[in-house]
Amino acid sequence: FIKSNSIDAVLGVHLYRAGRLLIGLKLPYSMVIGGTDVNVFVDEADKLHSMQLAVITHPMAFSAYCPGALVRLRILILSRQVDGASGILSFNREMIARFRKVMSFSGPVFIMPQAHDISDSRPPADNATVCEGLGLPSDSAVFVLPCGIRSVKDPLFLVNAFRELHQRRPKVWLLIVGPPLDQKCMTDLARAIQGVSDPSQDVVDHTEPPAAKKPKAEDPMKVTGSGVMYLPPVSHDKLLDLMTVSQGVLNSSEAEGMCLSLLEGMALKVPVVARAVPGNLELIRHRETGFLYSSARECIQYLEEVLSAREMVKTITDRATVYLKEHHSAETEFRVLAQALGDLVTES
């Protein structure tokens with residue numbers, strides 16, 4: 001395929017999933033690496049070995065995360081193999097440190113802050129319309145947790161706490177939005193949302209329904225419980241509408257690289273409340289540009305503040321907007337990327 005189409009270079013999406021297929025390729029290739037590569041796959045010996053081969057045995061390997069410059073491609077490491085890699089490009093220092101723990105590297109490092117692609121002129125969404133579209137009361141106060149349903153994202157972390165919060169504040173809802181990537185995690189999440197503790201009790205399995213039971217396109221496969229709703233993937237535009245009308249954008253991951261949904265929440269001037277893990281700690285300054293929590297109880301405490309202290313929230317979201325413009329602009333991202341690519345071309 002590569003020869004017949006006169007392809008000069010290849011972009012591999014994910015260092016493990018694509019990298020193992022590109023080992024030994026006689027063309028320069030760029031590796032698109034996500035947080036899963038450096039936070040999950042590095043702990044699995046066979047996958048780590050494949051990723052090391054993809055970086056070490058090829059004359060050119062590249063990775064970073066630049067949604068503005070390269071249409072939301074995850075790219076993390078830039079290297080040119082001539083008796084060792086010539087450079088690394090990353091969107092934060094924590095990812096560089098994680099990389100160096102598992103792969104030998106002594107070359108120069110480029111730090112490229114991740115950008116977002118949300119326009120300042122994006123039209124506002126209407127809370128009543130969005131909530132009614134979800135089947136919720138029009139005056140609901142929704143917090144949105146965008147994530148793929150898998151263990152590292154820990155979507156169950158806040159479910160019970162929100163169920164309790166909903167008892168005190170019936171208008172408050174947690175909306176979890178994302179693809180079901182792990183069947184067990186999705187089943188566990190559905191059970192938690194529906195309050196099912198007995199493993200023998202049935203819950204609706206929304207991971208891979210049989211063809212005969214697939215719902216119609218207009219019938220969303222959602223799971224609803226007391227104060228918590230799971231919504232399958234929606235278009236990016238619809239997700240941004242959900243985030244725009246929300247009371248806050250949440251993150252509950254056990255590990256992160258650089259969370260795009262948090263950047264987008266900050267760009268939309270919505271408060272962000274994230275788990276205090278590396279990656280999130282690189283992005284958010286507690287009570288300055290958002291909130292960081294270590295326990296579900298602590299998260300709920302901050303959400304109660306968000307609901308009641310509107311002036312404080314506005315101050316924080318204004319600071320977050322300024323921070324994004326200063327540190328996560330598409331111009332900065334493109335400039336660093338262009339410098340790194342320029343150095344690579346010069347050395348080729």
# chains A, B, ... in the order shown; residues from 1 in each chain; ligands from 1
>>> residues_around(residues="Leu263 (chain A)", least_positions_apart="3", cutoff="8 Å", atoms="only C-alpha atoms", output="VMD selection string")
chain A and resid 115 to 116 259 to 260 266 to 267 324
>>> closest_atom_pairs(of="region 246-282 of chain A", to="region 152-176 of chain A", cutoff="9 Å", atoms="only C-alpha atoms", output="tab-separated table")
residue	atom	partner	partner_atom	distance
A:Asn251	CA	A:Lys153	CA	8.1
A:Ser252	CA	A:Asp154	CA	6.0
A:Ser253	CA	A:Lys153	CA	4.0
A:Glu254	CA	A:Val152	CA	5.4
A:Ala255	CA	A:Val152	CA	6.4
A:Glu256	CA	A:Lys153	CA	8.4
>>> atom_distance(atom1="CA of Asp120 (chain A)", atom2="CA of Leu268 (chain A)")
8.3 Å
>>> atom_distance(atom1="CA of Arg287 (chain A)", atom2="CA of Val313 (chain A)")
9.1 Å
>>> atom_distance(atom1="CA of Lys325 (chain A)", atom2="CA of Leu145 (chain A)")
23.7 Å
>>> residues_around(residues="region 288-303 of chain A", least_positions_apart="3", cutoff="9 Å", atoms="only C-alpha atoms", output="compact mmCIF listing (two decimals) with N, CA, C and O atoms, in the first residue's frame")
# COMPACT_ATOMS: atom_id res chain seq x y z
N PHE A 143 -23.44 18.72 36.02
CA PHE A 143 -21.99 18.68 35.93
C PHE A 143 -21.63 17.60 34.92
O PHE A 143 -22.20 16.51 34.94
N PHE A 157 -15.86 6.79 40.16
CA PHE A 157 -15.30 7.42 41.35
C PHE A 157 -16.28 8.36 42.05
O PHE A 157 -16.30 8.44 43.28
N LEU A 158 -17.09 9.07 41.28
CA LEU A 158 -17.96 10.10 41.86
C LEU A 158 -19.44 9.70 41.91
O LEU A 158 -20.27 10.47 42.40
N VAL A 159 -19.78 8.51 41.42
CA VAL A 159 -21.19 8.13 41.27
C VAL A 159 -21.92 8.13 42.60
O VAL A 159 -22.97 8.77 42.76
N ASN A 160 -21.42 7.40 43.60
CA ASN A 160 -22.13 7.32 44.88
C ASN A 160 -22.21 8.67 45.57
O ASN A 160 -23.24 9.01 46.18
N ALA A 161 -21.16 9.47 45.46
CA ALA A 161 -21.17 10.80 46.07
C ALA A 161 -22.23 11.68 45.42
O ALA A 161 -22.92 12.46 46.10
N PHE A 162 -22.40 11.55 44.11
CA PHE A 162 -23.43 12.34 43.42
C PHE A 162 -24.83 11.83 43.76
O PHE A 162 -25.78 12.62 43.84
N LEU A 165 -25.50 13.54 46.91
CA LEU A 165 -25.72 14.97 46.69
C LEU A 165 -27.10 15.22 46.10
O LEU A 165 -27.79 16.19 46.47
N GLN A 247 -22.69 23.31 35.07
CA GLN A 247 -22.17 24.04 36.22
C GLN A 247 -20.66 23.83 36.37
O GLN A 247 -20.00 24.58 37.08
N GLY A 248 -20.14 22.81 35.71
CA GLY A 248 -18.71 22.54 35.78
C GLY A 248 -18.34 21.33 34.95
O GLY A 248 -19.16 20.44 34.71
N MET A 266 -12.28 25.27 30.35
CA MET A 266 -11.69 26.56 30.70
C MET A 266 -11.93 27.57 29.58
O MET A 266 -12.24 28.75 29.84
N PRO A 271 -16.28 26.43 35.16
CA PRO A 271 -15.33 25.96 36.17
C PRO A 271 -14.94 24.50 35.94
O PRO A 271 -15.78 23.68 35.54
N VAL A 272 -13.67 24.19 36.16
CA VAL A 272 -13.19 22.82 36.00
C VAL A 272 -12.79 22.28 37.38
O VAL A 272 -12.17 22.97 38.18
N VAL A 273 -13.19 21.04 37.63
CA VAL A 273 -12.94 20.39 38.92
C VAL A 273 -12.34 19.03 38.60
O VAL A 273 -13.02 18.17 38.03
N ALA A 274 -11.07 18.83 38.95
CA ALA A 274 -10.35 17.66 38.48
C ALA A 274 -9.65 16.94 39.63
O ALA A 274 -9.28 17.55 40.64
N ARG A 275 -9.46 15.65 39.43
CA ARG A 275 -8.73 14.84 40.39
C ARG A 275 -7.26 15.27 40.41
O ARG A 275 -6.67 15.56 39.35
N ALA A 276 -6.67 15.33 41.58
CA ALA A 276 -5.30 15.82 41.73
C ALA A 276 -4.29 14.74 41.37
O ALA A 276 -3.69 14.09 42.23
N VAL A 277 -4.11 14.54 40.07
CA VAL A 277 -3.15 13.56 39.56
C VAL A 277 -2.20 14.28 38.59
O VAL A 277 -2.54 15.34 38.06
N ASN A 280 -3.17 16.73 35.41
CA ASN A 280 -4.11 17.75 35.90
C ASN A 280 -3.39 18.78 36.76
O ASN A 280 -3.72 19.97 36.73
N LEU A 281 -2.41 18.32 37.53
CA LEU A 281 -1.63 19.23 38.37
C LEU A 281 -0.80 20.19 37.53
O LEU A 281 -0.47 21.29 37.97
N LEU A 283 -1.87 21.45 34.73
CA LEU A 283 -2.79 22.36 34.05
C LEU A 283 -3.50 23.32 35.00
O LEU A 283 -3.67 24.51 34.69
N ILE A 284 -3.94 22.83 36.16
CA ILE A 284 -4.82 23.60 37.04
C ILE A 284 -4.09 24.07 38.29
O ILE A 284 -3.34 23.30 38.91
N ARG A 285 -4.31 25.30 38.66
CA ARG A 285 -3.84 25.84 39.94
C ARG A 285 -5.07 25.92 40.85
O ARG A 285 -6.02 26.63 40.54
N VAL A 306 -19.11 25.79 44.07
CA VAL A 306 -19.38 26.26 42.71
C VAL A 306 -20.85 26.66 42.56
O VAL A 306 -21.18 27.67 41.92
N LEU A 307 -21.74 25.91 43.16
CA LEU A 307 -23.17 26.17 43.05
C LEU A 307 -23.60 27.40 43.84
O LEU A 307 -24.60 28.04 43.49
N SER A 308 -22.87 27.74 44.89
CA SER A 308 -23.32 28.81 45.78
C SER A 308 -22.51 30.10 45.67
O SER A 308 -23.05 31.18 45.90
N VAL A 313 -16.63 31.92 41.48
CA VAL A 313 -16.51 31.10 40.28
C VAL A 313 -16.15 31.96 39.08
O VAL A 313 -15.28 31.59 38.27
N THR A 315 -14.52 34.78 39.05
CA THR A 315 -13.13 35.19 39.19
C THR A 315 -12.20 34.07 38.73
O THR A 315 -11.21 34.31 38.02
N ILE A 316 -12.51 32.85 39.12
CA ILE A 316 -11.67 31.70 38.76
C ILE A 316 -11.73 31.43 37.26
O ILE A 316 -10.69 31.19 36.62
N THR A 317 -12.92 31.47 36.68
CA THR A 317 -13.03 31.19 35.24
C THR A 317 -12.39 32.31 34.42
O THR A 317 -11.83 32.04 33.35
N ASP A 318 -12.45 33.54 34.89
CA ASP A 318 -11.77 34.64 34.20
C ASP A 318 -10.25 34.41 34.22
O ASP A 318 -9.57 34.62 33.21
N ARG A 319 -9.72 33.99 35.37
CA ARG A 319 -8.29 33.71 35.46
C ARG A 319 -7.91 32.56 34.53
O ARG A 319 -6.84 32.57 33.91
N ALA A 320 -8.78 31.55 34.47
CA ALA A 320 -8.50 30.39 33.62
C ALA A 320 -8.43 30.80 32.15
O ALA A 320 -7.58 30.31 31.39
N THR A 321 -9.31 31.70 31.74
CA THR A 321 -9.32 32.18 30.35
C THR A 321 -8.03 32.91 30.03
O THR A 321 -7.42 32.70 28.96
N TYR A 323 -5.17 32.51 31.58
CA TYR A 323 -4.10 31.50 31.60
C TYR A 323 -4.02 30.76 30.27
O TYR A 323 -2.93 30.54 29.73
>>> closest_residue(among="A:Gly178, A:Thr224, A:His49, A:Arg98", to="Leu136 (chain A)", atoms="only C-alpha atoms")
A:Thr224
>>> closest_residue(among="A:Glu331, A:Pro278, A:Val270, A:Ala128", to="Lys314 (chain A)", atoms="only C-alpha atoms")
A:Val270
>>> select_by_dssp(residues="region 249-319 of chain A", states="strand (DSSP E)", output="compact mmCIF listing (two decimals) with N, CA, C and O atoms, in the first residue's frame")
# COMPACT_ATOMS: atom_id res chain seq x y z
N VAL A 249 -17.09 21.30 34.49
CA VAL A 249 -16.55 20.15 33.76
C VAL A 249 -15.64 19.39 34.72
O VAL A 249 -14.74 19.98 35.33
N LEU A 250 -15.85 18.08 34.83
CA LEU A 250 -15.15 17.27 35.82
C LEU A 250 -14.15 16.33 35.17
O LEU A 250 -14.25 16.01 33.99
N ASN A 251 -13.20 15.89 35.97
CA ASN A 251 -12.25 14.86 35.56
C ASN A 251 -12.01 13.98 36.78
O ASN A 251 -11.75 14.49 37.87
N VAL A 272 -13.67 24.19 36.16
CA VAL A 272 -13.19 22.82 36.00
C VAL A 272 -12.79 22.28 37.38
O VAL A 272 -12.17 22.97 38.18
N VAL A 273 -13.19 21.04 37.63
CA VAL A 273 -12.94 20.39 38.92
C VAL A 273 -12.34 19.03 38.60
O VAL A 273 -13.02 18.17 38.03
N ALA A 274 -11.07 18.83 38.95
CA ALA A 274 -10.35 17.66 38.48
C ALA A 274 -9.65 16.94 39.63
O ALA A 274 -9.28 17.55 40.64
N ARG A 275 -9.46 15.65 39.43
CA ARG A 275 -8.73 14.84 40.39
C ARG A 275 -7.26 15.27 40.41
O ARG A 275 -6.67 15.56 39.35
N PHE A 291 -10.39 23.74 40.38
CA PHE A 291 -10.33 23.04 41.67
C PHE A 291 -9.69 21.67 41.48
O PHE A 291 -9.92 21.00 40.47
N LEU A 292 -8.91 21.24 42.48
CA LEU A 292 -8.30 19.93 42.48
C LEU A 292 -8.72 19.18 43.72
O LEU A 292 -8.69 19.73 44.82
N TYR A 293 -9.13 17.92 43.57
CA TYR A 293 -9.60 17.14 44.72
C TYR A 293 -8.89 15.79 44.77
O TYR A 293 -8.40 15.28 43.75
